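File shown: my_file_1.pdb (PDB, C-alpha atoms and all ligand atoms).
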```pdb
ATOM      1  CA  MET A   5       8.190   9.372   1.098  1.00  0.00           C
ATOM      2  CA  ASN A   6       5.055  11.339   0.382  1.00  0.00           C
ATOM      3  CA  ILE A   7       5.344  14.871  -0.992  1.00  0.00           C
ATOM      4  CA  LEU A   8       2.426  17.266  -1.273  1.00  0.00           C
ATOM      5  CA  ILE A   9       2.714  19.773  -4.116  1.00  0.00           C
ATOM      6  CA  VAL A  10       0.608  22.902  -3.649  1.00  0.00           C
ATOM      7  CA  GLU A  11       0.945  24.703  -6.969  1.00  0.00           C
ATOM      8  CA  ASP A  12      -1.487  26.140  -9.522  1.00  0.00           C
ATOM      9  CA  ASP A  13       0.873  26.227 -12.500  1.00  0.00           C
ATOM     10  CA  ALA A  14       0.171  23.018 -14.441  1.00  0.00           C
ATOM     11  CA  ARG A  15       3.521  23.103 -16.196  1.00  0.00           C
ATOM     12  CA  ILE A  16       5.457  23.253 -12.936  1.00  0.00           C
ATOM     13  CA  VAL A  17       3.231  20.567 -11.398  1.00  0.00           C
ATOM     14  CA  SER A  18       3.856  18.135 -14.248  1.00  0.00           C
ATOM     15  CA  PHE A  19       7.597  18.855 -14.181  1.00  0.00           C
ATOM     16  CA  LEU A  20       7.724  18.277 -10.416  1.00  0.00           C
ATOM     17  CA  VAL A  21       5.607  15.121 -10.490  1.00  0.00           C
ATOM     18  CA  LYS A  22       7.706  13.557 -13.230  1.00  0.00           C
ATOM     19  CA  GLY A  23      11.003  14.422 -11.586  1.00  0.00           C
ATOM     20  CA  LEU A  24       9.954  13.391  -8.076  1.00  0.00           C
ATOM     21  CA  LYS A  25       8.480  10.096  -9.285  1.00  0.00           C
ATOM     22  CA  ALA A  26      11.755   9.296 -11.025  1.00  0.00           C
ATOM     23  CA  GLU A  27      13.479   9.795  -7.668  1.00  0.00           C
ATOM     24  CA  GLY A  28      11.069   7.413  -5.954  1.00  0.00           C
ATOM     25  CA  TYR A  29       8.886   9.971  -4.165  1.00  0.00           C
ATOM     26  CA  ALA A  30       5.123   9.619  -4.105  1.00  0.00           C
ATOM     27  CA  THR A  31       3.322  12.870  -4.877  1.00  0.00           C
ATOM     28  CA  MET A  32      -0.040  14.387  -4.114  1.00  0.00           C
ATOM     29  CA  ILE A  33      -1.209  17.523  -5.905  1.00  0.00           C
ATOM     30  CA  VAL A  34      -3.382  20.358  -4.700  1.00  0.00           C
ATOM     31  CA  ARG A  35      -3.982  23.314  -7.014  1.00  0.00           C
ATOM     32  CA  ASP A  36      -5.421  25.923  -4.700  1.00  0.00           C
ATOM     33  CA  GLY A  37      -4.885  27.141  -1.191  1.00  0.00           C
ATOM     34  CA  ALA A  38      -8.325  26.376   0.194  1.00  0.00           C
ATOM     35  CA  GLU A  39      -7.987  22.708  -0.732  1.00  0.00           C
ATOM     36  CA  ALA A  40      -4.604  22.542   1.022  1.00  0.00           C
ATOM     37  CA  ILE A  41      -6.009  24.137   4.176  1.00  0.00           C
ATOM     38  CA  GLU A  42      -9.019  21.830   4.286  1.00  0.00           C
ATOM     39  CA  MET A  43      -7.053  18.656   3.635  1.00  0.00           C
ATOM     40  CA  PRO A  44      -8.408  15.805   5.793  1.00  0.00           C
ATOM     41  CA  ALA A  45      -6.258  15.025   8.831  1.00  0.00           C
ATOM     42  CA  SER A  46      -5.748  11.427   7.622  1.00  0.00           C
ATOM     43  CA  LEU A  47      -4.080  12.654   4.416  1.00  0.00           C
ATOM     44  CA  LEU A  48      -2.100  15.309   6.227  1.00  0.00           C
ATOM     45  CA  GLU A  49      -0.729  12.698   8.633  1.00  0.00           C
ATOM     46  CA  ASP A  50       0.676  10.689   5.715  1.00  0.00           C
ATOM     47  CA  LEU A  51       2.779  13.512   4.343  1.00  0.00           C
ATOM     48  CA  ASP A  52       6.546  13.763   4.758  1.00  0.00           C
ATOM     49  CA  LEU A  53       7.097  17.116   3.074  1.00  0.00           C
ATOM     50  CA  VAL A  54       5.239  19.947   1.314  1.00  0.00           C
ATOM     51  CA  LEU A  55       6.317  22.020  -1.687  1.00  0.00           C
ATOM     52  CA  LEU A  56       4.286  25.202  -1.425  1.00  0.00           C
ATOM     53  CA  ASP A  57       3.840  27.871  -4.072  1.00  0.00           C
ATOM     54  CA  LEU A  58       3.163  31.244  -2.455  1.00  0.00           C
ATOM     55  CA  GLY A  59       1.216  32.749  -5.352  1.00  0.00           C
ATOM     56  CA  LEU A  60      -1.972  30.687  -5.301  1.00  0.00           C
ATOM     57  CA  PRO A  61      -5.470  31.592  -6.471  1.00  0.00           C
ATOM     58  CA  GLY A  62      -8.005  32.210  -3.733  1.00  0.00           C
ATOM     59  CA  THR A  63      -6.228  31.515  -0.461  1.00  0.00           C
ATOM     60  CA  ASP A  64      -2.687  32.840  -0.430  1.00  0.00           C
ATOM     61  CA  GLY A  65       0.270  30.508   0.136  1.00  0.00           C
ATOM     62  CA  ARG A  66       1.118  32.423   3.307  1.00  0.00           C
ATOM     63  CA  GLU A  67      -2.196  31.457   4.843  1.00  0.00           C
ATOM     64  CA  VAL A  68      -1.644  27.857   3.724  1.00  0.00           C
ATOM     65  CA  LEU A  69       1.741  27.828   5.469  1.00  0.00           C
ATOM     66  CA  ARG A  70       0.216  29.245   8.656  1.00  0.00           C
ATOM     67  CA  VAL A  71      -2.522  26.599   8.729  1.00  0.00           C
ATOM     68  CA  LEU A  72      -0.203  23.701   7.855  1.00  0.00           C
ATOM     69  CA  ARG A  73       2.194  24.785  10.614  1.00  0.00           C
ATOM     70  CA  ALA A  74      -0.674  24.887  13.074  1.00  0.00           C
ATOM     71  CA  ARG A  75      -2.073  21.502  12.051  1.00  0.00           C
ATOM     72  CA  ARG A  76       1.248  19.627  11.723  1.00  0.00           C
ATOM     73  CA  PRO A  77       4.060  21.686  13.219  1.00  0.00           C
ATOM     74  CA  ALA A  78       6.798  19.174  12.426  1.00  0.00           C
ATOM     75  CA  LEU A  79       5.924  18.765   8.736  1.00  0.00           C
ATOM     76  CA  PRO A  80       8.687  20.337   6.620  1.00  0.00           C
ATOM     77  CA  VAL A  81       7.480  22.895   4.082  1.00  0.00           C
ATOM     78  CA  ILE A  82       9.677  24.167   1.252  1.00  0.00           C
ATOM     79  CA  ILE A  83       8.385  27.368  -0.308  1.00  0.00           C
ATOM     80  CA  LEU A  84       8.487  27.688  -4.079  1.00  0.00           C
ATOM     81  CA  THR A  85       8.361  31.311  -4.954  1.00  0.00           C
ATOM     82  CA  ALA A  86       8.762  33.413  -8.034  1.00  0.00           C
ATOM     83  CA  ARG A  87       9.103  36.371  -5.757  1.00  0.00           C
ATOM     84  CA  ASP A  88      12.837  36.749  -5.489  1.00  0.00           C
ATOM     85  CA  ASP A  89      12.333  39.096  -2.642  1.00  0.00           C
ATOM     86  CA  VAL A  90      14.431  39.036   0.522  1.00  0.00           C
ATOM     87  CA  ARG A  91      11.447  40.008   2.667  1.00  0.00           C
ATOM     88  CA  GLU A  92       9.422  37.069   1.303  1.00  0.00           C
ATOM     89  CA  LYS A  93      12.240  34.668   2.149  1.00  0.00           C
ATOM     90  CA  VAL A  94      12.745  36.087   5.632  1.00  0.00           C
ATOM     91  CA  TRP A  95       8.999  35.958   6.232  1.00  0.00           C
ATOM     92  CA  GLY A  96       8.847  32.328   5.046  1.00  0.00           C
ATOM     93  CA  LEU A  97      11.714  31.136   7.223  1.00  0.00           C
ATOM     94  CA  ASP A  98      10.436  33.097  10.230  1.00  0.00           C
ATOM     95  CA  SER A  99       7.036  31.499   9.704  1.00  0.00           C
ATOM     96  CA  GLY A 100       8.509  28.041  10.051  1.00  0.00           C
ATOM     97  CA  ALA A 101       9.208  27.047   6.450  1.00  0.00           C
ATOM     98  CA  ALA A 102      12.093  24.580   6.298  1.00  0.00           C
ATOM     99  CA  ASP A 103      13.557  26.218   3.195  1.00  0.00           C
ATOM    100  CA  TYR A 104      12.659  28.107   0.027  1.00  0.00           C
ATOM    101  CA  VAL A 105      13.477  27.767  -3.650  1.00  0.00           C
ATOM    102  CA  THR A 106      13.130  30.655  -6.072  1.00  0.00           C
ATOM    103  CA  LYS A 107      11.566  29.891  -9.447  1.00  0.00           C
ATOM    104  CA  PRO A 108      12.924  29.086 -11.946  1.00  0.00           C
ATOM    105  CA  PHE A 109      14.983  26.507 -10.107  1.00  0.00           C
ATOM    106  CA  HIS A 110      17.244  23.651 -11.075  1.00  0.00           C
ATOM    107  CA  PHE A 111      15.616  20.341 -10.268  1.00  0.00           C
ATOM    108  CA  GLU A 112      18.871  18.961  -8.806  1.00  0.00           C
ATOM    109  CA  GLU A 113      18.953  21.839  -6.349  1.00  0.00           C
ATOM    110  CA  LEU A 114      15.345  21.270  -5.345  1.00  0.00           C
ATOM    111  CA  LEU A 115      16.110  17.574  -4.755  1.00  0.00           C
ATOM    112  CA  ALA A 116      19.088  18.460  -2.557  1.00  0.00           C
ATOM    113  CA  ARG A 117      16.912  20.831  -0.514  1.00  0.00           C
ATOM    114  CA  ILE A 118      14.226  18.165  -0.162  1.00  0.00           C
ATOM    115  CA  ARG A 119      16.809  15.661   1.089  1.00  0.00           C
ATOM    116  CA  ALA A 120      18.225  18.216   3.533  1.00  0.00           C
ATOM    117  CA  ALA A 121      14.756  19.058   4.890  1.00  0.00           C
ATOM    118  CA  LEU A 122      13.926  15.356   5.325  1.00  0.00           C
ATOM    119  CA  ARG A 123      17.225  14.715   7.135  1.00  0.00           C
ATOM    120  CA  ALA A 124      16.599  17.629   9.495  1.00  0.00           C
ATOM    121  CA  GLN A 125      13.107  16.273  10.067  1.00  0.00           C
ATOM    122  CA  ASP A 126      14.549  12.832  10.948  1.00  0.00           C
ATOM    123  CA  GLN A 127      16.660  14.424  13.643  1.00  0.00           C
ATOM    124  CA  ARG A 128      13.689  16.309  15.020  1.00  0.00           C
ATOM    125  CA  ALA A 129      11.522  13.191  14.922  1.00  0.00           C
ATOM    126  CA  SER A 130      13.456  11.833  17.895  1.00  0.00           C
ATOM    127  CA  SER A 131      11.965  14.665  19.930  1.00  0.00           C
ATOM    128  CA  GLU A 132       8.446  13.602  19.019  1.00  0.00           C
ATOM    129  CA  LEU A 133       6.222  10.852  20.407  1.00  0.00           C
ATOM    130  CA  VAL A 134       3.467   9.471  18.181  1.00  0.00           C
ATOM    131  CA  VAL A 135       0.796   6.920  19.103  1.00  0.00           C
ATOM    132  CA  GLY A 136      -2.047   6.573  16.605  1.00  0.00           C
ATOM    133  CA  ASP A 137      -3.452  10.060  16.010  1.00  0.00           C
ATOM    134  CA  LEU A 138      -1.762  11.441  19.142  1.00  0.00           C
ATOM    135  CA  ARG A 139       1.427  13.416  18.804  1.00  0.00           C
ATOM    136  CA  LEU A 140       3.608  15.040  21.449  1.00  0.00           C
ATOM    137  CA  ASP A 141       6.293  17.506  20.497  1.00  0.00           C
ATOM    138  CA  LEU A 142       8.735  17.093  23.380  1.00  0.00           C
ATOM    139  CA  THR A 143      10.724  20.193  22.465  1.00  0.00           C
ATOM    140  CA  THR A 144       7.899  22.697  22.343  1.00  0.00           C
ATOM    141  CA  LYS A 145       5.761  20.725  24.832  1.00  0.00           C
ATOM    142  CA  THR A 146       2.722  20.751  22.593  1.00  0.00           C
ATOM    143  CA  ALA A 147       0.193  17.962  22.218  1.00  0.00           C
ATOM    144  CA  TRP A 148      -1.975  17.200  19.190  1.00  0.00           C
ATOM    145  CA  ARG A 149      -4.764  14.798  18.464  1.00  0.00           C
ATOM    146  CA  ALA A 150      -5.938  14.212  14.885  1.00  0.00           C
ATOM    147  CA  GLY A 151      -4.246  17.438  13.855  1.00  0.00           C
ATOM    148  CA  ARG A 152      -5.920  19.504  16.565  1.00  0.00           C
ATOM    149  CA  ARG A 153      -3.876  21.094  19.317  1.00  0.00           C
ATOM    150  CA  ILE A 154      -4.702  20.101  22.890  1.00  0.00           C
ATOM    151  CA  ASP A 155      -3.777  22.333  25.807  1.00  0.00           C
ATOM    152  CA  LEU A 156      -2.550  20.293  28.749  1.00  0.00           C
ATOM    153  CA  ALA A 157      -1.625  21.244  32.287  1.00  0.00           C
ATOM    154  CA  PRO A 158       1.873  20.048  33.316  1.00  0.00           C
ATOM    155  CA  ARG A 159       0.634  16.942  35.185  1.00  0.00           C
ATOM    156  CA  GLU A 160      -1.703  16.013  32.341  1.00  0.00           C
ATOM    157  CA  TRP A 161       1.242  16.344  29.989  1.00  0.00           C
ATOM    158  CA  ALA A 162       3.448  14.138  32.176  1.00  0.00           C
ATOM    159  CA  LEU A 163       0.686  11.543  32.464  1.00  0.00           C
ATOM    160  CA  LEU A 164       0.082  11.448  28.716  1.00  0.00           C
ATOM    161  CA  GLU A 165       3.817  11.276  27.967  1.00  0.00           C
ATOM    162  CA  PHE A 166       4.231   8.333  30.366  1.00  0.00           C
ATOM    163  CA  MET A 167       1.278   6.512  28.791  1.00  0.00           C
ATOM    164  CA  MET A 168       2.506   7.207  25.243  1.00  0.00           C
ATOM    165  CA  ARG A 169       5.929   5.804  26.132  1.00  0.00           C
ATOM    166  CA  ASN A 170       4.167   2.610  27.227  1.00  0.00           C
ATOM    167  CA  PRO A 171       1.311   2.087  24.761  1.00  0.00           C
ATOM    168  CA  ASN A 172      -0.976  -0.935  25.136  1.00  0.00           C
ATOM    169  CA  GLN A 173       0.512  -1.779  28.533  1.00  0.00           C
ATOM    170  CA  VAL A 174      -1.592  -1.816  31.645  1.00  0.00           C
ATOM    171  CA  LEU A 175      -0.090   0.758  33.977  1.00  0.00           C
ATOM    172  CA  SER A 176      -0.995   0.456  37.633  1.00  0.00           C
ATOM    173  CA  ARG A 177      -1.955   3.478  39.718  1.00  0.00           C
ATOM    174  CA  VAL A 178       1.251   3.011  41.735  1.00  0.00           C
ATOM    175  CA  GLN A 179       3.380   2.964  38.556  1.00  0.00           C
ATOM    176  CA  ILE A 180       1.654   6.083  37.310  1.00  0.00           C
ATOM    177  CA  LEU A 181       2.013   7.822  40.670  1.00  0.00           C
ATOM    178  CA  SER A 182       5.702   7.035  40.872  1.00  0.00           C
ATOM    179  CA  HIS A 183       6.427   8.271  37.341  1.00  0.00           C
ATOM    180  CA  VAL A 184       4.163  11.250  37.165  1.00  0.00           C
ATOM    181  CA  TRP A 185       4.007  12.429  40.782  1.00  0.00           C
ATOM    182  CA  ASP A 186       7.352  11.166  42.085  1.00  0.00           C
ATOM    183  CA  PHE A 187       5.656   9.603  45.115  1.00  0.00           C
ATOM    184  CA  ASP A 188       4.514  12.980  46.350  1.00  0.00           C
ATOM    185  CA  PHE A 189       1.104  11.449  46.895  1.00  0.00           C
ATOM    186  CA  ASP A 190      -0.240   8.785  49.163  1.00  0.00           C
ATOM    187  CA  PRO A 191      -0.813   5.644  46.998  1.00  0.00           C
ATOM    188  CA  GLY A 192      -4.357   5.541  48.371  1.00  0.00           C
ATOM    189  CA  SER A 193      -5.062   8.872  46.728  1.00  0.00           C
ATOM    190  CA  ASN A 194      -7.452   9.042  43.787  1.00  0.00           C
ATOM    191  CA  VAL A 195      -5.334  11.670  42.030  1.00  0.00           C
ATOM    192  CA  VAL A 196      -4.516   9.273  39.170  1.00  0.00           C
ATOM    193  CA  ASP A 197      -8.192   8.633  38.443  1.00  0.00           C
ATOM    194  CA  VAL A 198      -8.933  12.335  38.623  1.00  0.00           C
ATOM    195  CA  TYR A 199      -6.166  13.203  36.150  1.00  0.00           C
ATOM    196  CA  VAL A 200      -7.016  10.343  33.805  1.00  0.00           C
ATOM    197  CA  GLY A 201     -10.530  11.826  33.781  1.00  0.00           C
ATOM    198  CA  TYR A 202      -9.199  15.290  32.888  1.00  0.00           C
ATOM    199  CA  LEU A 203      -7.004  13.845  30.172  1.00  0.00           C
ATOM    200  CA  ARG A 204      -9.782  11.748  28.670  1.00  0.00           C
ATOM    201  CA  ARG A 205     -12.081  14.723  28.460  1.00  0.00           C
ATOM    202  CA  LYS A 206      -9.450  16.704  26.570  1.00  0.00           C
ATOM    203  CA  LEU A 207      -8.462  13.839  24.261  1.00  0.00           C
ATOM    204  CA  ASN A 208     -12.035  12.853  23.471  1.00  0.00           C
ATOM    205  CA  ALA A 209     -13.254  16.343  22.636  1.00  0.00           C
ATOM    206  CA  GLU A 210     -14.803  16.590  19.167  1.00  0.00           C
ATOM    207  CA  GLY A 211     -16.337  13.129  19.668  1.00  0.00           C
ATOM    208  CA  LEU A 212     -13.136  11.209  18.969  1.00  0.00           C
ATOM    209  CA  PRO A 213     -12.991   7.625  20.289  1.00  0.00           C
ATOM    210  CA  SER A 214     -11.561   7.102  23.753  1.00  0.00           C
ATOM    211  CA  LEU A 215      -7.910   6.056  23.858  1.00  0.00           C
ATOM    212  CA  ILE A 216      -7.467   5.461  27.573  1.00  0.00           C
ATOM    213  CA  GLN A 217      -9.007   2.259  28.824  1.00  0.00           C
ATOM    214  CA  ALA A 218      -9.592   1.488  32.489  1.00  0.00           C
ATOM    215  CA  VAL A 219      -8.603  -2.071  33.385  1.00  0.00           C
ATOM    216  CA  ARG A 220     -10.598  -3.092  36.431  1.00  0.00           C
ATOM    217  CA  GLY A 221      -8.446  -3.647  39.494  1.00  0.00           C
ATOM    218  CA  ALA A 222      -5.251  -3.133  37.494  1.00  0.00           C
ATOM    219  CA  GLY A 223      -4.954   0.416  36.219  1.00  0.00           C
ATOM    220  CA  TYR A 224      -5.089   2.134  32.859  1.00  0.00           C
ATOM    221  CA  ARG A 225      -3.976   1.395  29.340  1.00  0.00           C
ATOM    222  CA  LEU A 226      -3.408   3.717  26.391  1.00  0.00           C
ATOM    223  CA  LEU A 227      -4.647   1.942  23.294  1.00  0.00           C
ATOM    224  CA  SER A 228      -2.474   2.177  20.236  1.00  0.00           C
ATOM    225  CA  PRO A 229      -4.678   1.581  17.206  1.00  0.00           C
ATOM    226  CA  GLU A 230      -3.502  -0.784  14.486  1.00  0.00           C
ATOM    227  CA  PRO A 231      -2.096   1.135  11.564  1.00  0.00           C
ATOM    228  CA  VAL A 232      -4.805   1.749   8.979  1.00  0.00           C
ATOM    229  CA  PRO A 233      -4.048  -0.420   5.903  1.00  0.00           C
TER     230      PRO A 233
HETATM  231 CA    CA B 301       1.388  30.257  -8.675  1.00  0.00          CA
END
```
Could you take the file, read its structure, and then write that structure out as structure tokens?
Ligand code: CA
Amino acid sequence: MNILIVEDDARIVSFLVKGLKAEGYATMIVRDGAEAIEMPASLLEDLDLVLLDLGLPGTDGREVLRVLRARRPALPVIILTARDDVREKVWGLDSGAADYVTKPFHFEELLARIRAALRAQDQRASSELVVGDLRLDLTTKTAWRAGRRIDLAPREWALLEFMMRNPNQVLSRVQILSHVWDFDFDPGSNVVDVYVGYLRRKLNAEGLPSLIQAVRGAGYRLLSPEPVP
């Protein structure tokens, strides 16, 4: 389990790192908001939870929460705040924070809240499909690639979901038609090729490598990259 600590107070950071390490968590530390917001997608993808101080120099913790929620909506964020203010807490929870802890806190309580947030996340994970840097949130019907949101039309969504449920398998046009279009279309139709084209264009924006491979005479395959060592 990988926990990102976004906190500028060195004393609190060292206390958290020591305590979390003793509990078997790996930690990553960021001391200002801008660094948290600009975190590379590859690092962000590796995180399981964030402890976020609201009072940060430069970029405020609120802005960090907003950006983290946009880049990885399912990542649980626990707010650490000295502001024992009901409005702050309501704002944090309404903004998608998993929980909050008011400083000074007891470490045992923080650990219990971390465990609770991770358990809740486990339950939500079943409503998420992930293949390589692609992520579908099946509850909110949102799609992401490399941390960037992709807007999909309903058929594009259905096509991508079907392919992500069957990664690395060659799917014939007839299979795709029957799952995505419920046989509404004549099997001779080129609608599959047209929609694969739409989907590719959206997935490959920003110059990312192509994930959907055409297999001549057979159909299409969604490539699942090997996990990066
Ligand atoms: Ca602070």
**Item:** Explicit residues for the PyMOL selection byres (((chain A and resi 32) around 7) and not hetatm) (as a ChimeraX atom specification)
**Value:** /A:7-9,31,33-34
Give me a file of those residues, with C-alpha atoms, as a compact mmCIF listing (two decimals), keeping the file's coordinate frame.
```txt
# COMPACT_ATOMS: atom_id res chain seq x y z
CA ILE A 7 5.34 14.87 -0.99
CA LEU A 8 2.43 17.27 -1.27
CA ILE A 9 2.71 19.77 -4.12
CA THR A 31 3.32 12.87 -4.88
CA ILE A 33 -1.21 17.52 -5.90
CA VAL A 34 -3.38 20.36 -4.70
```
**Complete:** What separates CA of Val54 in chain A and CA of Leu79 in chain A is a distance of 7.5 Å
**Prompt:** Using the chain letters and numbers from the file, which residues does the PyMOL selection byres (((not hetatm)) within 6 of (chain B and resi 301)) grab, as a PyMOL selection string?
**Reply:** chain A and resi 11-13+57+59-60
**Request:** For Arg152 in chain A, work out the shell of residues within 9 Å, counting all atoms listed in the file and skipping chain neighbours fewer than 2 positions away, then give it as a PyMOL selection string.
**Result:** chain A and resi 45+74-76+147-150+154
**Message:** I'd like the residues picked by the PyMOL selection byres (((chain A and resi 169) around 12) and not hetatm) written out as a list of chain:residue names, using the chain letters and numbers from the file.
**Reply:**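 For this structure, the PyMOL selection byres (((chain A and resi 169) around 12) and not hetatm) resolves to A:Glu132, A:Leu133, A:Val134, A:Val135, A:Leu138, A:Arg139, A:Leu140, A:Leu142, A:Ala162, A:Leu163, A:Leu164, A:Glu165, A:Phe166, A:Met167, A:Met168, A:Asn170, A:Pro171, A:Asn172, A:Gln173, A:Leu175, A:Ile180, A:His183, A:Arg225, A:Leu226, A:Leu227, A:Ser228.
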**Request:** For each of A:Met43, A:Val94, A:Leu84, A:Ala30, take the minimum atom-to-atom distance to Pro108 in chain A, counting only C-alpha atoms, then give the residue where this is smallest.
**Result:**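 For Pro108 in chain A, the nearest of the given residues is A:Leu84.
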**Request:** Can you pull out every residue within 10 Å of range 120-127 of chain A, counting all atoms listed in the file, but drop anything in the same chain fewer than 5 positions away, and send it as a PyMOL selection string?
**Result:** chain A and resi 5+52-53+78-82+101-103+114-115+132
**Request:** Kindly give the distance, in Å, that separates CA of Ile216 in chain A and CA of Arg204 in chain A, rounded to a single decimal.
**Result:** 6.8 Å
